[in-house]
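Asks: Before I ask anything, let me first share the structure, which is written out below as structure tokens.
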Amino acid sequence: MTERPTRVFPTFLGFSFRADRGGAWATLIMFTFRPLAAVLFSLGLAAMLAALLQRHFATAVAVACAACVMLVVQVASAKTALSVSARMVDRTGRLVDREIQRMLHGAPTLEHFHDPVLLDKLEVIRAERPRLTEGADVSGLILGTSLRLACVVVVAALATPWLLLVPVAAVVSYACTAAAERARHRGRTASAEAARLRADFFTIGTDPAHRDELLLAGAGEFARERHAAWAREAERTRARGMWLGLLWAALGVLIMTAAFGVGFLFLVSSLLHGTTAVGTALAALLMLSNVTVLMSGLIRYLSALSDSMRATGLLLEVREALGAHRTAGPAAVAGREVRGIELNGVGFRYPAGHAAVLDAVDLTLRPGTVYALVGANGSGKSTLVQVLAGLLPPTAGSVRRGGPAGDRTSLVAQDYVRFEFELEDSVRLGDDGPGARDLARALSDSGLDAYLARGELALRTPLGRSLPTGTDLSGGQWQRVAICRGLLSPETTLLLLDEPTSAIDPLAEDALLSTFAAWSHAVAQTTDGVAVIVTHRMSLVREVDEVILMSGGRIVAVAPHEDLLGHPEYQKLYHVQQRAYAETASGEGEEDWETS
């Protein structure tokens with residue numbers, strides 16, 4: 001899908017005017033008309049030289065003074081224009097950043113973050129993001145340079161018609177430049193995936209979060225080799241476009257050089273034969289002396305505009321794709337009124353995947369009920385949790401909700417995010433609704449209150465190494481912060497806990513799991529909501545109302561723990577887990593049979 005220029009350019013220029021209307025108008029006007037001062041200066045200088053040759057000294061002095069005034073205007077306006085433009089570009093950059101973030105996080109699901117085509121487009125947008133801030137800036141430069149070139153061509157054509165070859169050559173040269181930009185863009189687009197993977201492996205190789213496993217596994221060289229391989233692939237793919245673009249650009253320069261050479265020879269011939277006035281010839285020579293610079297500048301500005309338009313077009317394509325996700329809700333399903341959450345034939349497969357992660361899932365979650373979700377590794381539990389949370393739309397079947405279930409969802413994800421803010425901000429994430437009592441309860445339920453009581457942490461303690469005085473937490477402490485965040489809201493009607501203790505030691509795990517069970521029952525009873533706990537600790541199943549057993553992306557059984565003990569697969573999971581934790585308690589080791 002390619003966006004039309006009639007839609008792309010107004011969006012591109014609109015960024016500047018939305019961010020700083022006054023600065024955008026000032027930049028556009030000054031960059032457009034400032035070059036006229038340079039034209040008037042050149043004409044004044046030519047008139048002065050012609051007056052001196054004719055011994056009209058008074059006229060020469062008057063014209064020289066006027067030329068000096070134009071020079072002062074040119075220099076002063078250049079500094080002012082650059083200052084205003086820099087401020088406008090900075091404000092536009094902030095607007096574009098907000099636009100991209102709002103666009104990415106405005107969609108109700110995470111489906112787009114699993115689409116490799118869209119991710120490749122985002123990689124190009126990130127690389128070309130500065131281009132999106134140059135709307136009024138580059139437009140004014142193109143208009144001003146074109147106006148100055150038009151004046152140059154008119155004056156030069158008065159000296160000799162042969163100089164009209166210049167605008168013709170300029171058109172051909174621009175066509176070559178456009179072809180060069182298209183070739184370079186194809187190279188950048190083709191290398192986007194390799195560039196993204198190169199960046200991923202660079203992060204893996206340099207992020208402190210990965211250092212322990214890389215060091216212990218001796219995998220540092222592996223990460224470096226993968227990074228180098230993808231870097232070579234990105235460079236090789238991009239180089240093809242760069243070399244082809246260079247050939248087109250060289251052809252454009254050759255055509256321009258030939259046109260200028262022919263025009264200049266005929267100008268000299270006209271001057272020698274007396275068919276061109278000295279003043280006109282001098283003006284043409286003075287103005288032609290900068291034509292190469294002007295043409296290269298115009299080509300550079302047009303090239304920048306082409307890059308900006310292309311990046312804006314990709315931005316609009318991504319926005320349109322995300323808009324489709326935003327407006328396309330689940331189809332209405334006729335039938336009886338639903339209480340709780342009902343999944344009918346739900347399936348899900350990732351955009352780049354082949355096998356279905358969820359297959360024909362039929363499940364009813366009753367209001368006021370607490371469930372444990374168990375199953376072997378890769379059975380689809382985490383994906384089911386994301387579907388229940390509404391983060392992933394099912395690719396088959398339907399999800400129906402009724403009553404309060406899902407009005408306010410709280411999720412503690414297995415792959416929790418380490419928000420490196422102050423502790424309270426990392427817990428609240430801008431949610432000022434829960435009061436101090438709710439915050440204190442969540443801190444207590446997550447076990448963070450013990451760290452506050454010992455003075456190791458405070459609500460205003462910066463977390464993580466990205467902050468100058470930040471405190472680096474252990475994996476278990478970071479998970480407690482994520483748990484606190486998930487338990488904060490007293491209005492939760494759908495509580496989803498996906499392996500909430502995976503990074504916490506077994507001694508503290510039992511106490512936390514009991515807390516989760518109690519809080520889940522409180523949510524279910526006070527709000528008539530639903531709670532689902534994904535866990536590998538089978539001791540928890542005695543504290544929930546029902547257990548959901550998954551295998552191979554399907555729901556195998558839903559029943560209380562005692563009723564499921566006769567199920568062979570459930571029985572195996574239960575006894576394996578009991579034996580594993582018994583061995584852990586006796587120091588013999590632990591078998592980790594479940595991690596989704």
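Ligands are numbered from 1 in the order shown, residues from 1 within each chain, and chains are lettered A, B, ... in the order they appear in the structure tokens.
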Could you name the residues that touch A:Tyr301 at 9 Å or less, counting only C-alpha atoms, but leaving out those on the same chain fewer than 4 positions away, as a list in words?

Replies: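 Within the cut-off, the hits are Val138, Ser139, Leu141, Ile142, Ser296, Gly297, Leu305 and Ser306 of chain A.
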
Asks: Which residues of stretch 53-122 of chain A come within 10 Å of stretch 28-32 of chain A, and what is each one's closest atom pair and distance in Å (one decimal), counting only C-alpha atoms, sorted by chain and residue number, as a Markdown table?

Replies:
```
| residue | atom | partner | partner_atom | distance |
| --- | --- | --- | --- | --- |
| A:Ser77 | CA | A:Met30 | CA | 7.1 |
| A:Ala78 | CA | A:Met30 | CA | 8.1 |
| A:Thr80 | CA | A:Met30 | CA | 8.6 |
| A:Ala81 | CA | A:Met30 | CA | 6.0 |
| A:Leu82 | CA | A:Phe31 | CA | 9.0 |
| A:Val84 | CA | A:Met30 | CA | 9.6 |
| A:Ser85 | CA | A:Leu28 | CA | 8.9 |
```

Asks: For the structure I just gave you, how does DSSP split stretch 431-497 of chain A - specifically, which residues are alpha helix (DSSP H)? Reply as a VMD selection string.

Replies: chain A and resid 436 to 446 449 to 453 475 to 486

Asks: Show me, as a count of residues only, the residues that have an atom within 8 Å of A:Gly552 when counting only C-alpha atoms, minus same-chain residues fewer than 5 positions from it.

Replies: 5
